[in-house]
>>> print(open('query-v8.txt').read())   # compact mmCIF, C-alpha atoms and all ligand atoms
# COMPACT_ATOMS: atom_id res chain seq x y z
CA MET A 171 -2.62 11.95 12.73
CA GLU A 172 -5.87 10.36 11.63
CA LEU A 173 -7.67 10.46 8.30
CA ARG A 174 -11.35 9.69 8.71
CA LEU A 175 -12.66 8.44 5.38
CA GLN A 176 -15.98 7.12 4.17
CA HIS A 177 -14.87 3.46 4.03
CA SER A 178 -12.09 3.36 6.61
CA LEU A 179 -10.08 5.19 9.20
CA LEU A 180 -6.36 5.67 8.58
CA ARG A 181 -4.35 6.02 11.78
CA PRO A 182 -0.86 5.17 13.03
CA TRP A 183 -0.16 1.55 13.91
CA ARG A 184 -0.37 0.89 17.63
CA ARG A 185 0.00 -1.88 20.19
CA GLY A 186 -3.08 -4.10 20.08
CA ASP A 187 -3.10 -4.29 16.25
CA GLU A 188 -0.93 -7.43 16.17
CA ARG A 189 -3.65 -10.11 16.06
CA SER A 190 -5.70 -8.58 13.26
CA LEU A 191 -2.51 -7.71 11.36
CA GLU A 192 -1.33 -11.32 11.53
CA ARG A 193 -4.71 -12.63 10.39
CA HIS A 194 -5.06 -10.28 7.40
CA ALA A 195 -1.40 -10.25 6.33
CA ASN A 196 -0.91 -14.01 6.35
CA ASN A 197 -2.12 -14.45 2.78
CA ARG A 198 -0.15 -15.65 -0.20
CA LYS A 199 -2.29 -13.54 -2.57
CA ILE A 200 -1.07 -10.44 -0.78
CA TRP A 201 2.54 -11.64 -0.62
CA MET A 202 2.53 -12.31 -4.41
CA ASN A 203 1.99 -8.58 -5.02
CA VAL A 204 4.41 -7.00 -2.57
CA ARG A 205 8.17 -6.91 -1.99
CA ASP A 206 9.92 -9.96 -0.59
CA HIS A 207 10.68 -8.27 2.74
CA PHE A 208 6.94 -8.71 3.51
CA PRO A 209 7.03 -12.05 5.38
CA HIS A 210 5.22 -15.17 4.27
CA PRO A 211 3.92 -17.01 6.19
CA TYR A 212 3.17 -13.95 8.34
CA THR A 213 3.64 -14.97 11.96
CA HIS A 214 2.67 -13.38 15.25
CA THR A 215 6.34 -12.44 15.76
CA ASP A 216 6.31 -10.64 12.39
CA ALA A 217 3.21 -8.73 13.48
CA VAL A 218 4.76 -7.75 16.81
CA ARG A 219 7.92 -6.53 15.06
CA TRP A 220 5.97 -4.51 12.49
CA VAL A 221 3.71 -2.83 15.05
CA GLU A 222 6.72 -1.94 17.22
CA HIS A 223 8.62 -0.50 14.23
CA ALA A 224 5.72 1.31 12.56
CA SER A 225 4.28 2.74 15.78
CA THR A 226 7.58 4.18 16.96
CA ARG A 227 9.33 5.21 13.74
CA LEU A 228 6.75 5.59 10.98
CA SER A 229 3.79 7.18 12.74
CA ASP A 230 3.57 10.18 10.40
CA THR A 231 4.03 8.26 7.14
CA VAL A 232 2.51 4.78 7.51
CA PHE A 233 -1.05 4.11 8.61
CA ALA A 234 -3.14 1.13 9.55
CA ILE A 235 -6.32 0.85 7.47
CA ILE A 236 -9.07 0.39 10.06
CA VAL A 237 -12.19 -1.37 8.83
CA ASN A 238 -14.93 -2.48 11.21
CA GLY A 239 -12.77 -1.37 14.13
CA GLU A 240 -9.72 -3.49 13.33
CA ALA A 241 -6.44 -3.05 11.45
CA ALA A 242 -7.15 -4.75 8.13
CA GLY A 243 -4.32 -3.36 6.00
CA SER A 244 -1.60 -0.79 5.67
CA ILE A 245 -0.86 2.24 3.52
CA GLY A 246 2.10 4.56 3.62
CA LEU A 247 4.72 6.73 2.04
CA ILE A 248 8.45 6.09 1.93
CA ALA A 249 10.74 9.11 1.66
CA LYS A 250 13.49 9.00 -0.94
CA ASP A 251 16.88 10.65 -0.59
CA ASP A 252 19.70 12.34 -2.46
CA VAL A 253 18.55 13.52 -5.90
CA TYR A 254 15.23 11.71 -5.36
CA ARG A 255 14.46 13.60 -2.15
CA LYS A 256 11.47 15.39 -3.69
CA SER A 257 9.79 12.02 -4.29
CA MET A 258 7.98 9.55 -2.06
CA GLU A 259 6.91 6.02 -2.86
CA ILE A 260 3.41 4.88 -1.94
CA GLY A 261 2.67 1.32 -0.83
CA TYR A 262 -0.45 -0.46 0.44
CA TRP A 263 -2.20 -3.76 1.00
CA LEU A 264 -5.59 -4.79 2.37
CA GLY A 265 -6.96 -8.01 3.86
CA GLU A 266 -8.65 -10.08 1.18
CA GLU A 267 -12.06 -10.17 2.87
CA HIS A 268 -12.39 -6.44 2.20
CA TRP A 269 -11.23 -6.33 -1.42
CA GLY A 270 -13.39 -4.76 -4.11
CA ARG A 271 -15.26 -2.25 -1.95
CA GLY A 272 -13.34 0.88 -2.90
CA ILE A 273 -11.43 0.99 0.39
CA VAL A 274 -7.91 1.33 -1.00
CA SER A 275 -8.99 3.59 -3.88
CA GLU A 276 -10.25 6.05 -1.32
CA ALA A 277 -7.22 5.60 0.95
CA VAL A 278 -4.72 6.19 -1.89
CA GLY A 279 -6.47 9.46 -2.73
CA ALA A 280 -6.34 10.60 0.88
CA VAL A 281 -2.70 9.62 1.45
CA THR A 282 -1.65 11.23 -1.84
CA ARG A 283 -3.23 14.53 -0.77
CA TYR A 284 -1.72 14.16 2.71
CA GLY A 285 1.75 13.53 1.21
CA PHE A 286 1.67 16.62 -0.99
CA GLU A 287 0.36 18.77 1.89
CA GLN A 288 2.68 17.56 4.64
CA PHE A 289 5.99 16.95 2.90
CA ASP A 290 8.20 19.02 0.63
CA ILE A 291 7.75 16.74 -2.37
CA VAL A 292 6.60 17.06 -5.97
CA ARG A 293 6.19 13.41 -6.92
CA ILE A 294 4.60 10.24 -5.53
CA TYR A 295 5.11 6.97 -7.33
CA ALA A 296 4.50 3.24 -7.15
CA ASP A 297 5.93 0.40 -9.14
CA ILE A 298 3.63 -2.55 -9.42
CA PHE A 299 3.96 -6.01 -10.89
CA GLU A 300 2.55 -6.38 -14.38
CA TRP A 301 -0.19 -8.79 -13.27
CA ASN A 302 -1.55 -6.47 -10.56
CA THR A 303 -4.55 -5.04 -12.41
CA ALA A 304 -6.40 -4.07 -9.22
CA SER A 305 -3.50 -1.93 -8.03
CA ALA A 306 -3.11 -0.32 -11.47
CA ARG A 307 -6.80 0.58 -11.36
CA VAL A 308 -6.55 2.06 -7.86
CA LEU A 309 -3.68 4.29 -8.98
CA GLU A 310 -5.32 5.34 -12.26
CA LYS A 311 -8.52 6.28 -10.45
CA ASN A 312 -6.45 8.64 -8.30
CA GLY A 313 -4.74 10.43 -11.18
CA TYR A 314 -1.50 8.41 -11.31
CA ARG A 315 -0.18 7.88 -14.83
CA CYS A 316 1.70 4.86 -16.10
CA GLU A 317 5.07 6.33 -17.10
CA ALA A 318 7.02 3.24 -17.97
CA ARG A 319 7.15 -0.50 -18.25
CA LEU A 320 10.34 -1.76 -16.62
CA GLN A 321 10.95 -4.88 -18.60
CA ARG A 322 11.80 -8.05 -16.67
CA ALA A 323 12.65 -5.88 -13.65
CA VAL A 324 11.06 -8.06 -10.98
CA VAL A 325 11.46 -11.62 -9.79
CA LYS A 326 8.66 -12.83 -7.52
CA ASP A 327 8.26 -16.42 -6.40
CA GLY A 328 10.70 -17.43 -9.14
CA ILE A 329 8.71 -15.67 -11.89
CA ILE A 330 10.40 -12.86 -13.80
CA THR A 331 7.93 -10.15 -14.73
CA ASP A 332 7.69 -6.52 -15.84
CA ALA A 333 7.08 -3.68 -13.40
CA LEU A 334 4.79 -0.77 -14.26
CA LEU A 335 5.88 2.61 -12.95
CA TYR A 336 2.97 4.85 -11.96
CA ALA A 337 3.40 8.43 -10.75
CA ILE A 338 1.57 11.61 -9.93
CA THR A 339 3.35 14.98 -9.84
CA LEU A 340 2.57 18.51 -8.74
C1 LIG B 401 -4.62 -3.96 -4.76
C2 LIG B 401 -5.49 -3.80 -3.53
C3 LIG B 401 -4.75 -2.93 -2.53
C4 LIG B 401 -6.81 -3.15 -3.95
O1 LIG B 401 -7.57 -2.84 -2.80
P1 LIG B 401 -9.18 -2.71 -2.88
O2 LIG B 401 -9.64 -1.97 -1.70
O3 LIG B 401 -9.74 -4.06 -3.12
O4 LIG B 401 -9.33 -1.80 -4.19
P2 LIG B 401 -10.63 -1.03 -4.64
O5 LIG B 401 -11.83 -1.83 -4.30
O6 LIG B 401 -10.53 0.35 -4.12
O7 LIG B 401 -10.42 -0.93 -6.20
C5 LIG B 401 -10.01 -2.04 -6.96
C6 LIG B 401 -10.27 -1.72 -8.41
O8 LIG B 401 -9.60 -2.70 -9.20
C7 LIG B 401 -10.56 -3.39 -9.96
N1 LIG B 401 -10.10 -4.77 -10.06
C8 LIG B 401 -9.95 -5.65 -9.07
N2 LIG B 401 -9.49 -6.83 -9.57
C9 LIG B 401 -9.34 -6.63 -10.89
C10 LIG B 401 -8.93 -7.46 -11.95
N3 LIG B 401 -8.52 -8.71 -11.76
N4 LIG B 401 -8.91 -6.92 -13.19
C11 LIG B 401 -9.29 -5.65 -13.42
N5 LIG B 401 -9.72 -4.82 -12.44
C12 LIG B 401 -9.73 -5.32 -11.20
C13 LIG B 401 -11.87 -3.23 -9.24
O9 LIG B 401 -12.97 -3.43 -10.09
C14 LIG B 401 -11.74 -1.77 -8.79
O10 LIG B 401 -11.93 -0.87 -9.84
P3 LIG B 401 -13.33 -0.12 -10.06
O11 LIG B 401 -13.57 0.69 -8.84
O12 LIG B 401 -13.10 0.69 -11.28
O13 LIG B 401 -14.37 -1.18 -10.24
C15 LIG B 401 -5.81 -5.17 -2.86
O14 LIG B 401 -6.37 -6.00 -3.83
C16 LIG B 401 -4.59 -5.84 -2.26
O15 LIG B 401 -4.27 -5.63 -1.11
N6 LIG B 401 -3.88 -6.67 -3.07
C17 LIG B 401 -2.72 -7.38 -2.60
C18 LIG B 401 -1.56 -6.46 -2.24
C19 LIG B 401 -1.24 -5.47 -3.33
O16 LIG B 401 -1.43 -5.73 -4.50
N7 LIG B 401 -0.71 -4.30 -2.93
C20 LIG B 401 -0.30 -3.28 -3.88
C21 LIG B 401 1.09 -3.54 -4.33
S1 LIG B 401 1.56 -2.39 -5.59
>>> encode(input="query-v8.txt", output="structure tokens")
Amino acid sequence: MELRLQHSLLRPWRRGDERSLERHANNRKIWMNVRDHFPHPYTHTDAVRWVEHASTRLSDTVFAIIVNGEAAGSIGLIAKDDVYRKSMEIGYWLGEEHWGRGIVSEAVGAVTRYGFEQFDIVRIYADIFEWNTASARVLEKNGYRCEARLQRAVVKDGIITDALLYAITL
């Protein structure tokens, strides 16, 4: 599966992406906005593990964001289960050197459409840290609505902050 977009190509992770992944992912500014299971510092071993996992098990839900021919970020959907099985969660990050060019705005739109077309779901959501204005903007531009502020729900780097719950539904 490949999504050819104006600013990037979205395709499954594959062997050979490790070096560029390590270089782009090893950034505290990215880590400050994602879950703690995202490693920091981001080592070559972390990159090898991720590419192995994503390329074998997540190839229809998680994509490398290819910019200038190299894997510069990631975007994907996580299936939910039980009573939440009609929902998926969207997540993404991009290497800092490419920020502010509309790359993830476009990718979120494409992956949202892909999710609703390919999977039996009615809802896609993201919860973001209160300070993440760029991510809020990306979601709003793609029709996601802020449904709730989850007060003091998150602790990141020792800081307790609110989470904002954004969603789009069919
Ligand atoms: C959030 C992130 C994915 C955005 O990617 P991007 O490709 O730079 O985003 P885009 O260029 O498509 O759009 C960013 C939008 O946010 C706006 N923006 C960026 N920084 C902002 C700030 N500090 N305050 C307000 N708006 C801001 C931009 O102006 C743009 O909006 P516009 O098109 O209306 O001008 C990227 O910054 C990133 O990887 N951050 C770290 C990881 C992360 O936050 N992941 C998401 C976790 S929920």
>>> residues_near_ligand(input="query-v8.txt", ligand="ligand LIG 401 (chain B)", cutoff="10 Å", atoms="all atoms listed in the file", output="VMD selection string")
chain A and resid 177 194 to 195 197 to 205 242 to 245 260 to 278 296 to 311 333 to 336
>>> residues_around(input="query-v8.txt", residues="range 213-222 of chain A", least_positions_apart="2", cutoff="10 Å", atoms="only C-alpha atoms", output="list in words")
Pro182, Trp183, Arg184, Arg185, Gly186, Asp187, Glu188, Arg189, Ser190, Leu191, Glu192, Arg193, Ala195, Asn196, Phe208, Pro209, His210, Pro211, Ala224, Ser225, Thr226, Arg227, Leu228 and Ala234 of chain A
>>> write_last_selection(input="query-v8.txt", atoms="C-alpha atoms", output="PDB file, keeping the file's coordinate frame")
ATOM      1  CA  PRO A 182      -0.860   5.170  13.030  1.00  0.00           C
ATOM      2  CA  TRP A 183      -0.160   1.550  13.910  1.00  0.00           C
ATOM      3  CA  ARG A 184      -0.370   0.890  17.630  1.00  0.00           C
ATOM      4  CA  ARG A 185       0.000  -1.880  20.190  1.00  0.00           C
ATOM      5  CA  GLY A 186      -3.080  -4.100  20.080  1.00  0.00           C
ATOM      6  CA  ASP A 187      -3.100  -4.290  16.250  1.00  0.00           C
ATOM      7  CA  GLU A 188      -0.930  -7.430  16.170  1.00  0.00           C
ATOM      8  CA  ARG A 189      -3.650 -10.110  16.060  1.00  0.00           C
ATOM      9  CA  SER A 190      -5.700  -8.580  13.260  1.00  0.00           C
ATOM     10  CA  LEU A 191      -2.510  -7.710  11.360  1.00  0.00           C
ATOM     11  CA  GLU A 192      -1.330 -11.320  11.530  1.00  0.00           C
ATOM     12  CA  ARG A 193      -4.710 -12.630  10.390  1.00  0.00           C
ATOM     13  CA  ALA A 195      -1.400 -10.250   6.330  1.00  0.00           C
ATOM     14  CA  ASN A 196      -0.910 -14.010   6.350  1.00  0.00           C
ATOM     15  CA  PHE A 208       6.940  -8.710   3.510  1.00  0.00           C
ATOM     16  CA  PRO A 209       7.030 -12.050   5.380  1.00  0.00           C
ATOM     17  CA  HIS A 210       5.220 -15.170   4.270  1.00  0.00           C
ATOM     18  CA  PRO A 211       3.920 -17.010   6.190  1.00  0.00           C
ATOM     19  CA  ALA A 224       5.720   1.310  12.560  1.00  0.00           C
ATOM     20  CA  SER A 225       4.280   2.740  15.780  1.00  0.00           C
ATOM     21  CA  THR A 226       7.580   4.180  16.960  1.00  0.00           C
ATOM     22  CA  ARG A 227       9.330   5.210  13.740  1.00  0.00           C
ATOM     23  CA  LEU A 228       6.750   5.590  10.980  1.00  0.00           C
ATOM     24  CA  ALA A 234      -3.140   1.130   9.550  1.00  0.00           C
TER      25      ALA A 234
END
>>> atom_distance(input="query-v8.txt", atom1="CA of Val281 in chain A", atom2="CA of Leu247 in chain A")
8.0 Å
>>> atom_distance(input="query-v8.txt", atom1="CA of Gly279 in chain A", atom2="CA of Lys250 in chain A")
20.0 Å
>>> closest_residue(input="query-v8.txt", among="A:Met258, A:Ile291, A:Ile235, A:Val325", to="Gln176 in chain A", atoms="all atoms listed in the file")
A:Ile235
>>> closest_residue(input="query-v8.txt", among="A:Asp327, A:Glu240, A:Glu259, A:Glu317", to="Leu179 in chain A", atoms="only C-alpha atoms")
A:Glu240
>>> axis_aligned_box(input="query-v8.txt", around="range 198-214 of chain A", padding_each_side="8 Å", output="AutoDock Vina command-line options")
--center_x 4.2 --center_y -12.0 --center_z 5.1 --size_x 29.0 --size_y 26.1 --size_z 36.3
>>> atom_distance(input="query-v8.txt", atom1="CA of Glu287 in chain A", atom2="CA of Asp230 in chain A")
12.5 Å
>>> build_atoms(input="query-v8.txt", residues="range 217-231 of chain A", atoms="N, CA and C atoms", output="PDB file, in the frame of the given file")
ATOM      1  N   ALA A 217       4.186  -9.786  13.178  1.00  0.00           N
ATOM      2  CA  ALA A 217       3.210  -8.730  13.480  1.00  0.00           C
ATOM      3  C   ALA A 217       3.696  -7.866  14.635  1.00  0.00           C
ATOM      4  N   VAL A 218       4.256  -8.508  15.653  1.00  0.00           N
ATOM      5  CA  VAL A 218       4.760  -7.750  16.810  1.00  0.00           C
ATOM      6  C   VAL A 218       5.888  -6.817  16.360  1.00  0.00           C
ATOM      7  N   ARG A 219       6.790  -7.341  15.549  1.00  0.00           N
ATOM      8  CA  ARG A 219       7.920  -6.530  15.060  1.00  0.00           C
ATOM      9  C   ARG A 219       7.434  -5.341  14.248  1.00  0.00           C
ATOM     10  N   TRP A 220       6.458  -5.588  13.347  1.00  0.00           N
ATOM     11  CA  TRP A 220       5.970  -4.510  12.490  1.00  0.00           C
ATOM     12  C   TRP A 220       5.302  -3.410  13.312  1.00  0.00           C
ATOM     13  N   VAL A 221       4.447  -3.822  14.248  1.00  0.00           N
ATOM     14  CA  VAL A 221       3.710  -2.830  15.050  1.00  0.00           C
ATOM     15  C   VAL A 221       4.697  -1.998  15.873  1.00  0.00           C
ATOM     16  N   GLU A 222       5.702  -2.656  16.429  1.00  0.00           N
ATOM     17  CA  GLU A 222       6.720  -1.940  17.220  1.00  0.00           C
ATOM     18  C   GLU A 222       7.446  -0.920  16.325  1.00  0.00           C
ATOM     19  N   HIS A 223       7.872  -1.364  15.142  1.00  0.00           N
ATOM     20  CA  HIS A 223       8.620  -0.500  14.230  1.00  0.00           C
ATOM     21  C   HIS A 223       7.747   0.650  13.710  1.00  0.00           C
ATOM     22  N   ALA A 224       6.571   0.300  13.198  1.00  0.00           N
ATOM     23  CA  ALA A 224       5.720   1.310  12.560  1.00  0.00           C
ATOM     24  C   ALA A 224       5.191   2.310  13.588  1.00  0.00           C
ATOM     25  N   SER A 225       4.877   1.839  14.791  1.00  0.00           N
ATOM     26  CA  SER A 225       4.280   2.740  15.780  1.00  0.00           C
ATOM     27  C   SER A 225       5.319   3.701  16.348  1.00  0.00           C
ATOM     28  N   THR A 226       6.580   3.291  16.367  1.00  0.00           N
ATOM     29  CA  THR A 226       7.580   4.180  16.960  1.00  0.00           C
ATOM     30  C   THR A 226       8.303   5.029  15.916  1.00  0.00           C
ATOM     31  N   ARG A 227       8.477   4.506  14.699  1.00  0.00           N
ATOM     32  CA  ARG A 227       9.330   5.210  13.740  1.00  0.00           C
ATOM     33  C   ARG A 227       8.617   5.728  12.508  1.00  0.00           C
ATOM     34  N   LEU A 228       7.398   5.226  12.248  1.00  0.00           N
ATOM     35  CA  LEU A 228       6.750   5.590  10.980  1.00  0.00           C
ATOM     36  C   LEU A 228       5.384   6.231  11.201  1.00  0.00           C
ATOM     37  N   SER A 229       5.167   6.793  12.392  1.00  0.00           N
ATOM     38  CA  SER A 229       3.790   7.180  12.740  1.00  0.00           C
ATOM     39  C   SER A 229       3.249   8.342  11.906  1.00  0.00           C
ATOM     40  N   ASP A 230       4.128   9.108  11.234  1.00  0.00           N
ATOM     41  CA  ASP A 230       3.570  10.180  10.400  1.00  0.00           C
ATOM     42  C   ASP A 230       3.573   9.824   8.908  1.00  0.00           C
ATOM     43  N   THR A 231       4.017   8.624   8.562  1.00  0.00           N
ATOM     44  CA  THR A 231       4.030   8.260   7.140  1.00  0.00           C
ATOM     45  C   THR A 231       3.331   6.942   6.810  1.00  0.00           C
TER      46      THR A 231
END
